[in-house]
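Note sheet for the following structure.
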Amino acid sequence: MNFFETDGMYSVLKEKGFSLAQAEEEAQYIVVNTCTVTNKADVKNRNIIRNAIRTNPGAKVYVTGCYAETDKEVLQNIPGVFGVFGNTEKSALPYKILEDWEGKEFYPHKALDRFSYSDVLPEGHTRAYLKIQDGCNRKCSYCKIPAARGLGVSRNYNDVLDQVKYLQDNGVGEIQLTGVNLGWYRLENGEKGFLNLLEDILKVLEYSRIRLSSIEPPDVGSGLLDLMKHPRFCKFLHIPIQSGSRKVLKDMRRTYHPDAFRTRIELAKEKLPNLFLGTDVIVGFPSETELEFQETKQLLVELGFAKLHVFPYSVRKGTTAESFGDPIPGDEKKRRVLDLMSLSSELHTHYAESVIGKTYEAILESDGRFVTDNYLKGRLNDSFRFDTLQTGQFVDVRCLEYKPAKDREGEFVFGLSL
């Protein structure tokens, strides 16, 4: 979502003659778009802001995003920060910069909300991010995001379809739909509309393909999985599990239990062979004993995820879980994180080995790597010169070899499928 919103803010300024400052140039304005999903993210935010101020003396530094929404005072007290704009003000920020630059008030053509950015094309990356939903009505005990993003809101249905057409007409190969809770998407009458929206998007697509960023377990059912059989729908799902323990999930106030989660994943794998499955896991939650950690690990192995995002639990101010305390030592949390990161590497290698010899549609990214619809990443074998290929171009590639890497995801060696 921050990618989409950052591109959106820049697109407003670009229309008025602004350009991105290169590394050797002196920036006049700096915007830091923050996240606050963990304590570690907050620390990184502050370090990035202070570094931007130190290395760009004289620049006007603005801070926006989730951390700016929940901890505005903390950021305003950092010497050198020129302005702080929360998520509800984010779409107005580029106009505030224009007002400062031109020395006069600048009035946008329409009332601003969380979707009020001009037509947004990707800047510095290949895929386009399209935000269709914001906010969350769930009440997970550990999560600060509802405080940062507010209750669920949905982008206008026809506006989403217009944006998909615009991106496709501008040659964008991959459009990633994003939101805090995609499956919650509502029509103007308040009824659920996510599957209806997907169906109409697929009718529009001729060249571009779509990918979902992340989706909650209860929203993964036959309706979605049948739509994903469409050739322009990427065979990729990122479904947060957070824990494989029934007790911990209950304490987290998640709306499912391990058996229900298992049923949905097994259905997804049955309907979509070679589906790339990713998930989020929180380790070290206050009520997670070693037994419950092992339950989580076992379930991840059994379900055959291809990639794990692992987070150590951190107490977030104002959440229900704040009252649970933080009894698990940091060293133990780190051990559990490393254990699951090692498992993630094993699972990814296992998935990689299962697709060797298969052919997939891939898109050439700006760094020279190719990304397939099922999220395999790699480069062409050395025997082929691809100077004539253009960034964003689709190519059919064959998975020749997988090269594992220590402490991170490995890469594929692809051959052109001729």
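We name chains A, B, ... following the order of the structure tokens; residues begin at 1 in each chain, and ligands are numbered from 1 as shown.
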
Env of Phe3 in chain A: 9 Å cut, atoms = only C-alpha atoms, seq-sep filter 3 positions within chain, self excluded. Answer as JSON, numbers by chain. {"A": [6, 7, 8, 122, 128, 129]}

Can those selected residues be exported to a file as a PDB file, in the first residue's frame so that it contains C-alpha atoms?
ATOM      1  CA  THR A   6       4.189   6.936  -2.582  1.00  0.00           C
ATOM      2  CA  ASP A   7       3.785   6.604  -6.358  1.00  0.00           C
ATOM      3  CA  GLY A   8       0.525   8.538  -6.028  1.00  0.00           C
ATOM      4  CA  PRO A 122       4.815   2.738 -11.188  1.00  0.00           C
ATOM      5  CA  ALA A 128       1.816  -1.258 -10.520  1.00  0.00           C
ATOM      6  CA  TYR A 129       0.194  -1.311  -7.093  1.00  0.00           C
TER       7      TYR A 129
END

Produce a table with one row for each residue of range 293-411 of chain A that has an atom at most 6 Å from any atom of range 140-144 of chain A, each row naming the nearest atom pair and its distance in Å at one decimal; use only C-alpha atoms; arrange rows by chain and rising residue number; format as JSON lines.
{"residue": "A:Thr319", "atom": "CA", "partner": "A:Tyr142", "partner_atom": "CA", "distance": 5.8}
{"residue": "A:Thr320", "atom": "CA", "partner": "A:Ser141", "partner_atom": "CA", "distance": 4.8}
{"residue": "A:Ala321", "atom": "CA", "partner": "A:Ser141", "partner_atom": "CA", "distance": 5.1}

Store the residues picked out above, limited to C-alpha atoms, as a tab-separated table (two decimals), in the first residue's frame.
chain	number	residue	atom	x	y	z
A	319	THR	CA	-3.66	-2.97	21.75
A	320	THR	CA	-5.51	-5.58	23.82
A	321	ALA	CA	-2.37	-7.75	23.99

Grab the CA of Thr64 in chain A to CA of Glu89 in chain A distance for me, in Å with one decimal place.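 CA of Glu89 in chain A lies at a distance of 8.2 Å from CA of Thr64 in chain A.
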
Please report, as an MDAnalysis selection string, each residue of range 160-320 of chain A to which DSSP assigns alpha helix (DSSP H) when run on this structure's backbone. chainID A and resid 160:169 194:204 222:227 246:252 258:271 290:303

From the options A:Ser245, A:Asn56, A:Asn170, A:Thr359, which residue's atoms come nearest to Leu418 in chain A, counting only C-alpha atoms? A:Thr359

Give me, as a CSV table (one decimal) with N, CA and C atoms, in the first residue's frame, the residues of range 62-235 of chain A that a backbone DSSP run labels strand (DSSP E).
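Writing done, so here's out-v2.csv:
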chain,number,residue,atom,x,y,z
A,62,TYR,N,9.3,15.9,5.2
A,62,TYR,CA,7.9,15.6,5.6
A,62,TYR,C,7.8,14.1,6.0
A,63,VAL,N,7.0,13.8,7.0
A,63,VAL,CA,6.8,12.5,7.4
A,63,VAL,C,5.3,12.2,7.3
A,64,THR,N,5.0,11.0,6.7
A,64,THR,CA,3.6,10.6,6.6
A,64,THR,C,3.5,9.1,6.8
A,65,GLY,N,2.3,8.6,6.7
A,65,GLY,CA,2.1,7.1,6.9
A,65,GLY,C,1.6,6.7,8.2
A,81,VAL,N,12.3,18.0,11.2
A,81,VAL,CA,11.1,17.6,10.5
A,81,VAL,C,10.2,18.8,10.3
A,82,PHE,N,9.9,19.0,9.0
A,82,PHE,CA,9.2,20.2,8.6
A,82,PHE,C,7.7,20.0,8.8
A,83,GLY,N,7.1,18.8,8.5
A,83,GLY,CA,5.7,18.6,8.7
A,83,GLY,C,5.4,17.1,8.8
A,84,VAL,N,4.3,16.8,9.6
A,84,VAL,CA,3.9,15.4,9.8
A,84,VAL,C,2.4,15.3,9.4
A,85,PHE,N,2.2,14.4,8.5
A,85,PHE,CA,0.8,14.2,7.9
A,85,PHE,C,0.4,12.7,8.1
A,128,ALA,N,2.6,-2.4,-11.1
A,128,ALA,CA,1.8,-1.3,-10.5
A,128,ALA,C,1.0,-1.8,-9.3
A,129,TYR,N,1.0,-1.0,-8.3
A,129,TYR,CA,0.2,-1.3,-7.1
A,129,TYR,C,-1.1,-0.5,-7.1
A,130,LEU,N,-2.2,-1.2,-7.0
A,130,LEU,CA,-3.5,-0.5,-7.1
A,130,LEU,C,-4.3,-0.7,-5.8
A,131,LYS,N,-4.4,0.3,-5.0
A,131,LYS,CA,-5.1,0.2,-3.7
A,131,LYS,C,-6.6,0.3,-3.9
A,133,GLN,N,-8.7,-0.9,-1.2
A,133,GLN,CA,-9.4,-0.9,0.1
A,133,GLN,C,-8.4,-0.4,1.1
A,134,ASP,N,-8.9,0.2,2.2
A,134,ASP,CA,-8.0,0.7,3.3
A,134,ASP,C,-8.7,0.4,4.6
A,153,VAL,N,-12.7,1.0,4.5
A,153,VAL,CA,-13.3,1.8,3.4
A,153,VAL,C,-12.9,1.2,2.1
A,154,SER,N,-13.7,1.3,1.1
A,154,SER,CA,-13.5,0.7,-0.2
A,154,SER,C,-13.4,1.8,-1.3
A,174,GLU,N,2.0,-6.0,-14.9
A,174,GLU,CA,1.4,-6.6,-13.7
A,174,GLU,C,0.8,-5.6,-12.8
A,175,ILE,N,-0.4,-5.9,-12.4
A,175,ILE,CA,-1.1,-5.0,-11.5
A,175,ILE,C,-1.4,-5.7,-10.2
A,176,GLN,N,-0.8,-5.2,-9.1
A,176,GLN,CA,-1.0,-5.9,-7.8
A,176,GLN,C,-2.1,-5.2,-7.0
A,177,LEU,N,-3.2,-5.9,-6.7
A,177,LEU,CA,-4.3,-5.3,-5.9
A,177,LEU,C,-3.8,-5.3,-4.5
A,178,THR,N,-4.0,-4.2,-3.8
A,178,THR,CA,-3.6,-4.1,-2.4
A,178,THR,C,-4.6,-3.4,-1.5
A,209,ARG,N,-1.6,-8.7,-16.2
A,209,ARG,CA,-2.1,-9.8,-15.3
A,209,ARG,C,-2.3,-9.2,-13.9
A,210,ILE,N,-3.0,-9.8,-13.1
A,210,ILE,CA,-3.2,-9.3,-11.7
A,210,ILE,C,-2.7,-10.3,-10.7
A,211,ARG,N,-2.3,-9.7,-9.6
A,211,ARG,CA,-1.8,-10.4,-8.4
A,211,ARG,C,-2.4,-9.9,-7.2
A,212,LEU,N,-2.7,-10.7,-6.2
A,212,LEU,CA,-3.2,-10.2,-4.9
A,212,LEU,C,-2.0,-10.1,-4.0

Spatial neighbours of range 273-286 of chain A, max dist 7 Å, only C-alpha atoms, sep filter under 2 positions, as a PyMOL selection string: chain A and resi 235-243+269-271+288+305-313+324-328+333+336-337+374-375

Just checking: using only C-alpha atoms, which residue out of A:Leu272, A:Ala405, A:Met1, A:Leu161 ends up closest to Ser213 in chain A?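 Residue with the minimum atom-to-atom distance to Ser213 in chain A: A:Met1.
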
Proximity to Lys203 in chain A - best of A:Val31, A:Val164, A:Leu380, A:Cys399, only C-alpha atoms: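 For Lys203 in chain A, the nearest of the candidates is A:Val164.
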
Have a look at A:Ile97, A:Val248, A:Val172, A:Ala41 and name the one nearest to Gln28 in chain A; count only C-alpha atoms.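 Using only C-alpha atoms, the shortest distance to Gln28 in chain A belongs to A:Ile97.
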
Can you list, as a list in words, every protein, DNA or RNA residue that comes within 8 Å of Ser11 in chain A when you count only C-alpha atoms, leaving out same-chain residues fewer than 4 positions away? Asp7, Glu15, Tyr117, Ser118, Asp119, Val120 and Leu121 of chain A

Please produce an output containing all heavy atoms for each residue in the selection, written as a PDB file, in the first residue's frame.
ATOM      1  N   ASP A   7       3.894   6.316  -4.920  1.00  0.00           N
ATOM      2  CA  ASP A   7       3.785   6.604  -6.358  1.00  0.00           C
ATOM      3  C   ASP A   7       2.722   7.669  -6.608  1.00  0.00           C
ATOM      4  O   ASP A   7       2.881   8.544  -7.465  1.00  0.00           O
ATOM      5  CB  ASP A   7       3.416   5.326  -7.122  1.00  0.00           C
ATOM      6  CG  ASP A   7       4.587   4.358  -7.267  1.00  0.00           C
ATOM      7  OD1 ASP A   7       5.729   4.773  -7.028  1.00  0.00           O
ATOM      8  OD2 ASP A   7       4.335   3.189  -7.617  1.00  0.00           O
ATOM      9  N   GLU A  15       3.605  15.971 -12.288  1.00  0.00           N
ATOM     10  CA  GLU A  15       2.796  16.755 -13.229  1.00  0.00           C
ATOM     11  C   GLU A  15       3.132  18.243 -13.162  1.00  0.00           C
ATOM     12  O   GLU A  15       2.919  18.979 -14.119  1.00  0.00           O
ATOM     13  CB  GLU A  15       1.307  16.564 -12.932  1.00  0.00           C
ATOM     14  CG  GLU A  15       0.755  15.225 -13.391  1.00  0.00           C
ATOM     15  CD  GLU A  15      -0.730  15.087 -13.089  1.00  0.00           C
ATOM     16  OE1 GLU A  15      -1.329  16.078 -12.593  1.00  0.00           O
ATOM     17  OE2 GLU A  15      -1.290  14.008 -13.336  1.00  0.00           O
ATOM     18  N   TYR A 117      -5.528  10.029  -5.379  1.00  0.00           N
ATOM     19  CA  TYR A 117      -4.271  10.298  -6.047  1.00  0.00           C
ATOM     20  C   TYR A 117      -4.590  10.329  -7.535  1.00  0.00           C
ATOM     21  O   TYR A 117      -5.553   9.714  -7.982  1.00  0.00           O
ATOM     22  CB  TYR A 117      -3.248   9.197  -5.750  1.00  0.00           C
ATOM     23  CG  TYR A 117      -2.962   9.041  -4.272  1.00  0.00           C
ATOM     24  CD1 TYR A 117      -3.613   8.076  -3.514  1.00  0.00           C
ATOM     25  CD2 TYR A 117      -2.058   9.879  -3.634  1.00  0.00           C
ATOM     26  CE1 TYR A 117      -3.368   7.924  -2.159  1.00  0.00           C
ATOM     27  CE2 TYR A 117      -1.797   9.748  -2.277  1.00  0.00           C
ATOM     28  CZ  TYR A 117      -2.463   8.775  -1.542  1.00  0.00           C
ATOM     29  OH  TYR A 117      -2.215   8.652  -0.201  1.00  0.00           O
ATOM     30  N   SER A 118      -3.803  11.027  -8.300  1.00  0.00           N
ATOM     31  CA  SER A 118      -4.047  11.040  -9.743  1.00  0.00           C
ATOM     32  C   SER A 118      -3.752   9.657 -10.312  1.00  0.00           C
ATOM     33  O   SER A 118      -3.354   8.752  -9.584  1.00  0.00           O
ATOM     34  CB  SER A 118      -3.161  12.098 -10.409  1.00  0.00           C
ATOM     35  OG  SER A 118      -1.798  11.787 -10.209  1.00  0.00           O
ATOM     36  N   ASP A 119      -3.954   9.491 -11.632  1.00  0.00           N
ATOM     37  CA  ASP A 119      -3.648   8.201 -12.253  1.00  0.00           C
ATOM     38  C   ASP A 119      -2.207   7.838 -11.923  1.00  0.00           C
ATOM     39  O   ASP A 119      -1.281   8.586 -12.236  1.00  0.00           O
ATOM     40  CB  ASP A 119      -3.827   8.290 -13.769  1.00  0.00           C
ATOM     41  CG  ASP A 119      -5.286   8.477 -14.157  1.00  0.00           C
ATOM     42  OD1 ASP A 119      -6.143   7.930 -13.446  1.00  0.00           O
ATOM     43  OD2 ASP A 119      -5.557   9.171 -15.151  1.00  0.00           O
ATOM     44  N   VAL A 120      -2.020   6.688 -11.284  1.00  0.00           N
ATOM     45  CA  VAL A 120      -0.719   6.344 -10.705  1.00  0.00           C
ATOM     46  C   VAL A 120      -0.022   5.278 -11.537  1.00  0.00           C
ATOM     47  O   VAL A 120      -0.504   4.151 -11.642  1.00  0.00           O
ATOM     48  CB  VAL A 120      -0.885   5.845  -9.247  1.00  0.00           C
ATOM     49  CG1 VAL A 120       0.472   5.475  -8.663  1.00  0.00           C
ATOM     50  CG2 VAL A 120      -1.545   6.923  -8.402  1.00  0.00           C
ATOM     51  N   LEU A 121       1.107   5.641 -12.129  1.00  0.00           N
ATOM     52  CA  LEU A 121       1.957   4.679 -12.832  1.00  0.00           C
ATOM     53  C   LEU A 121       3.136   4.337 -11.936  1.00  0.00           C
ATOM     54  O   LEU A 121       3.574   5.168 -11.121  1.00  0.00           O
ATOM     55  CB  LEU A 121       2.451   5.267 -14.158  1.00  0.00           C
ATOM     56  CG  LEU A 121       1.379   5.456 -15.235  1.00  0.00           C
ATOM     57  CD1 LEU A 121       1.941   6.249 -16.416  1.00  0.00           C
ATOM     58  CD2 LEU A 121       0.842   4.119 -15.710  1.00  0.00           C
TER      59      LEU A 121
END

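When CA of Tyr29 in chain A is paired with CA of Pro57 in chain A, their separation reads 10.7 Å.
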
One-decimal distance in Å that lies between CA of Leu227 in chain A and CA of Tyr351 in chain A: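 CA of Tyr351 in chain A sits 23.2 Å away from CA of Leu227 in chain A.
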
Contacts of Glu365 in chain A within 12 Å, only C-alpha atoms, excl. fewer than 6 positions in-chain, as a VMD selection string: chain A and resid 122 124 to 128 172 to 174 371 to 372 377 to 379 389 to 395

Store the residues picked out above, limited to C-alpha atoms, as a PDB file, in the first residue's frame.
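Saved result, result.pdb, follows:
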ATOM      1  CA  PRO A 122       4.815   2.738 -11.188  1.00  0.00           C
ATOM      2  CA  GLY A 124      11.267   2.920 -10.308  1.00  0.00           C
ATOM      3  CA  HIS A 125       9.631  -0.524 -10.281  1.00  0.00           C
ATOM      4  CA  THR A 126       7.839  -2.633 -12.885  1.00  0.00           C
ATOM      5  CA  ARG A 127       4.572  -3.724 -11.348  1.00  0.00           C
ATOM      6  CA  ALA A 128       1.816  -1.258 -10.520  1.00  0.00           C
ATOM      7  CA  VAL A 172       1.855  -2.046 -17.299  1.00  0.00           C
ATOM      8  CA  GLY A 173       2.305  -5.817 -17.336  1.00  0.00           C
ATOM      9  CA  GLU A 174       1.419  -6.636 -13.745  1.00  0.00           C
ATOM     10  CA  VAL A 371       9.384 -12.853 -12.123  1.00  0.00           C
ATOM     11  CA  THR A 372       6.911 -15.551 -13.112  1.00  0.00           C
ATOM     12  CA  LYS A 377      12.546 -15.054  -9.451  1.00  0.00           C
ATOM     13  CA  GLY A 378      15.729 -15.432 -11.469  1.00  0.00           C
ATOM     14  CA  ARG A 379      17.775 -14.585 -14.544  1.00  0.00           C
ATOM     15  CA  LEU A 389      14.108  -7.346 -24.373  1.00  0.00           C
ATOM     16  CA  GLN A 390      12.503  -4.384 -22.634  1.00  0.00           C
ATOM     17  CA  THR A 391      11.689  -3.878 -18.982  1.00  0.00           C
ATOM     18  CA  GLY A 392       8.087  -4.906 -18.371  1.00  0.00           C
ATOM     19  CA  GLN A 393       8.025  -7.307 -21.303  1.00  0.00           C
ATOM     20  CA  PHE A 394       6.440 -10.743 -20.978  1.00  0.00           C
ATOM     21  CA  VAL A 395       8.521 -13.786 -21.879  1.00  0.00           C
TER      22      VAL A 395
END

Proximity to Asp387 in chain A - best of A:Val32, A:Gly368, A:Lys334, A:Lys72, only C-alpha atoms: A:Gly368
